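> Quick one: this structure, given as structure tokens, is what I'll be asking you about.
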Number of protein chains: 2
Amino acid sequence: MFSPLIEDLIRALRCLPGVGPKSAQRMAMYLLEKDRDAAGLLASSLQQAVEKVGRCTRCRTLTEQEICALCNNSRRDHALLCVVETPADVLAIEQAGNYHGLYFVLHGHLSPIDGVGPADIGLDVLGERLGERQQGDEQEGSAIKELIIATNPTVEGEATAQFIAERARAKGIAVSRIAHGVPIGGELEYIDGGTLAHAFNSRTVL
Amino acid sequence: MFSPLIEDLIRALRCLPGVGPKSAQRMAMYLLEKDRDAAGLLASSLQQAVEKVGRCTRCRTLTEQEICALCNNSRRDHALLCVVETPADVLAIEQAGNYHGLYFVLHGHLSPIDGVGPADIGLDVLGERLGERQQGDEQEGSAIKELIIATNPTVEGEATAQFIAERARAKGIAVSRIAHGVPIGGELEYIDGGTLAHAFNSRTVL
């Protein structure tokens with residue numbers, strides 16, 4: 001219906017998450033009709049990001065630098081390490097604003113059925129990291145004092161958490177898991193059964 | 001929070017209609033984490049479209065060709081011309097599938113308050129088009145027998161329709177306006193008052 005280049009653009013826009021045929025068409029029309037500068041800028045941003053963004057060699061988050069800004073920040077607590085599944089999780093925790101340690105990004109979770117093993121989610125890199133000692137402090141054990149596991153509360157996320165916890169404990173590092181339960185501000189009436197059951201099982205003494 | 005290139009990408013994605021900060025972030029993460037090929041393809045499609053897509057010299061719709069596929073199609077009825085506001089309107093009418101004439105795209109509507117005059121919406125081009133005669137048929141008047149006005153039923157759209165209608169009638173061309181009223185399959189209960197009032201005023205004899 002449209003000319004070939006416009007059809008190509010609409011098809012390419014459909015690869016974006018949450019964008020169906022109608023939205024893709026609306027986006028293509030908007031970019032071509034109203035804002036070609038923005039379209040050109042988007043094209044070059046995409047090109048740049050695809051070519052240059054890789055993973056931080058320390059924490060595996062997405063960055064175009066060798067070591068990301070968080071790992072390089074000396075004001076963060078380098079004795080705390082939080083394990084998350086995705087770079088978006090890092091952002092969510094940073095936006096909450098009360099964690100001041102470092103991160104380690106798995107880029108997924110253990111899933112033997114899909115052929116995702118420990119090496120695929122960087123557990124070899126994490127193992128080395130946990131084995132690192134503080135400079136000039138050969139006897140004190142790992143530079144990491146506490147490993148906080150914040151994988152998602154799904155079956156695979158829990159299995160991944162257990163797997164990492166065992167390995168870290170074997171190295172004598174304290175391991176914790178973030179709390180799961182009723183969200184703050186949530187009303188019990190609208191909370192799903194699984195979450196409520198977990199909240200009861202994980203109740204704390206007052 | 002993210003590295004500069006990723007921040008740039010998120011900012012660029014926000015220019016898309018209907019994409020807020022959260023969606024833009026989700027899109028950027030998806031493209032970089034899961035589908036870099038698609039991101040590269042999107043970048044090149046955008047670049048190509050921005051550079052090459054212009055307007056059809058006959059109907060002003062978006063195309064990278066000199067004359068678009070619709071205007072070039074000899075199987076369409078070249079005596080019917082439908083005036084619409086945007087290229088997306090052309091698609092909507094084509095998808096309905098019962099119109100077989102040609103189109104003329106205004107790329108907007110008359111809006112003196114925004115400084116949009118007749119020349120800005122191509123009414124000079126439309127005027128020439130209506131003045132064209134069939135080849136070898138000097139006495140028969142315009143090659144266009146009927147002008148169907150399908151601008152949107154807004155204040156500006158109606159004003160534009162009236163303006164075009166007067167000019168076309170002056171050239172002796174039959175002018176019509178598509179019907180507005182209760183949508184087929186619509187329930188009266190859920191139709192807005194303005195549409196219902198219009199439907200009563202424009203009732204047809206049975």
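Each chain of the structure tokens is named A, B, ... in the order shown, its residues numbered from 1; ligands are numbered from 1 in display order.
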So that I can check the secondary structure, give me every residue of segment 33-177 of chain B assigned alpha helix (DSSP H) by backbone DSSP, as a tab-separated table (two decimals) with C-alpha atoms, in the first residue's frame.

```tsv
chain	number	residue	atom	x	y	z
B	33	GLU	CA	20.13	-7.02	24.92
B	36	ARG	CA	20.93	-5.94	17.80
B	37	ASP	CA	20.26	-7.07	14.24
B	38	ALA	CA	16.80	-5.54	14.39
B	39	ALA	CA	18.27	-2.35	15.85
B	40	GLY	CA	20.78	-2.12	12.99
B	41	LEU	CA	18.02	-2.74	10.47
B	42	LEU	CA	15.81	-0.10	12.07
B	43	ALA	CA	18.69	2.40	11.96
B	44	SER	CA	19.30	1.81	8.26
B	45	SER	CA	15.57	1.79	7.38
B	46	LEU	CA	15.15	5.13	9.15
B	47	GLN	CA	18.18	6.59	7.42
B	48	GLN	CA	17.00	5.42	3.99
B	49	ALA	CA	13.44	6.63	4.52
B	50	VAL	CA	14.52	10.05	5.83
B	51	GLU	CA	16.88	10.56	2.89
B	52	LYS	CA	14.75	9.24	0.06
B	87	PRO	CA	-1.10	9.66	3.89
B	88	ALA	CA	-2.44	7.49	6.75
B	89	ASP	CA	-5.97	8.41	5.59
B	90	VAL	CA	-5.09	7.04	2.13
B	91	LEU	CA	-4.14	3.75	3.76
B	92	ALA	CA	-7.33	3.61	5.85
B	93	ILE	CA	-9.48	4.11	2.72
B	94	GLU	CA	-7.43	1.59	0.72
B	95	GLN	CA	-7.86	-0.96	3.48
B	96	ALA	CA	-11.65	-0.47	3.37
B	123	LEU	CA	-4.40	23.76	-3.02
B	124	ASP	CA	-2.47	25.42	-5.88
B	125	VAL	CA	-1.38	21.94	-7.04
B	126	LEU	CA	-4.94	20.68	-6.60
B	127	GLY	CA	-6.27	23.64	-8.62
B	128	GLU	CA	-3.94	22.82	-11.52
B	129	ARG	CA	-4.94	19.18	-11.26
B	130	LEU	CA	-8.65	20.05	-11.47
B	131	GLY	CA	-7.90	22.26	-14.48
B	155	VAL	CA	-13.84	22.60	12.55
B	156	GLU	CA	-10.71	23.03	10.42
B	157	GLY	CA	-11.46	19.95	8.34
B	158	GLU	CA	-14.98	21.23	7.56
B	159	ALA	CA	-13.68	24.70	6.69
B	160	THR	CA	-11.10	23.13	4.38
B	161	ALA	CA	-13.80	21.00	2.77
B	162	GLN	CA	-16.01	24.07	2.13
B	163	PHE	CA	-13.08	26.02	0.67
B	164	ILE	CA	-12.11	23.22	-1.72
B	165	ALA	CA	-15.73	22.54	-2.66
B	166	GLU	CA	-16.32	26.15	-3.74
B	167	ARG	CA	-13.23	26.18	-5.94
B	168	ALA	CA	-14.08	22.84	-7.56
B	169	ARG	CA	-17.71	23.84	-8.20
B	170	ALA	CA	-16.40	27.04	-9.89
```
> How would you write, as a PyMOL selection string, the set of residues in chain B that DSSP gives as strand (DSSP E or B)?
chain B and resi 54-55+62-63+77-84+101-105+111+116+133+142+146-149+174-177
> Hey, can you check how far atom CA of Ile184 of chain B sits from atom CA of Leu110 of chain B?
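Result for atom CA of Ile184 of chain B versus atom CA of Leu110 of chain B: 29.1 Å, one decimal.
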> From the options B:Val19, B:Asp114, B:Leu31, B:Leu5, which residue's atoms come nearest to Val53 of chain A, counting only C-alpha atoms?
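Closest residue, counting only C-alpha atoms: B:Leu5.
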> Find the residues around segment 203-206 of chain B up to 12 Å (only C-alpha atoms counted), leave out those fewer than 6 positions away in its own chain, and share them as a list in words.
Ala179, His180, Gly181, Val182, Leu196 and Ala197 of chain B
> Which residues are near Ala28 of chain A? Cut-off 8 Å, only C-alpha atoms, ignore same chain within fewer than 2 positions. Put them as a list in words.
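Listed by chain and then number, they are Ile6, Leu9, Ile10, Leu13, Ala24, Gln25, Arg26, Tyr30, Leu31 and Leu32 of chain A.
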> Please provide the set of residues having any atom within 8 Å of Ala69 of chain B, restricted to only C-alpha atoms, with same-chain residues fewer than 3 positions apart removed, written as a ChimeraX atom specification.
/A:3 /B:72-73
> For the residues in that selection, give me N, CA, C and O atoms as a PDB file, in the first residue's frame.

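Full text of selection-v8.pdb as output:
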```
ATOM      1  N   SER A   3       4.875   2.901  -0.274  1.00  0.00           N
ATOM      2  CA  SER A   3       6.025   2.621  -1.135  1.00  0.00           C
ATOM      3  C   SER A   3       7.016   1.736  -0.374  1.00  0.00           C
ATOM      4  O   SER A   3       6.987   1.677   0.856  1.00  0.00           O
TER       5      SER A   3
ATOM      6  N   ASN B  72       0.122   5.913 -10.633  1.00  0.00           N
ATOM      7  CA  ASN B  72       0.651   5.250 -11.821  1.00  0.00           C
ATOM      8  C   ASN B  72      -0.190   4.064 -12.272  1.00  0.00           C
ATOM      9  O   ASN B  72       0.053   3.494 -13.329  1.00  0.00           O
ATOM     10  N   ASN B  73      -1.180   3.705 -11.441  1.00  0.00           N
ATOM     11  CA  ASN B  73      -1.958   2.492 -11.706  1.00  0.00           C
ATOM     12  C   ASN B  73      -3.074   2.799 -12.706  1.00  0.00           C
ATOM     13  O   ASN B  73      -4.025   3.511 -12.389  1.00  0.00           O
TER      14      ASN B  73
END
```
> Find the residue from A:Leu70, A:Arg55, A:Thr63, A:Ala199 that sits nearest to chain B; use only C-alpha atoms when measuring.
A:Thr63
> Given only C-alpha atoms as the basis, pick out the residue of B:His198, B:Lys145, B:His107, B:Arg76 nearest to chain A.
B:His107
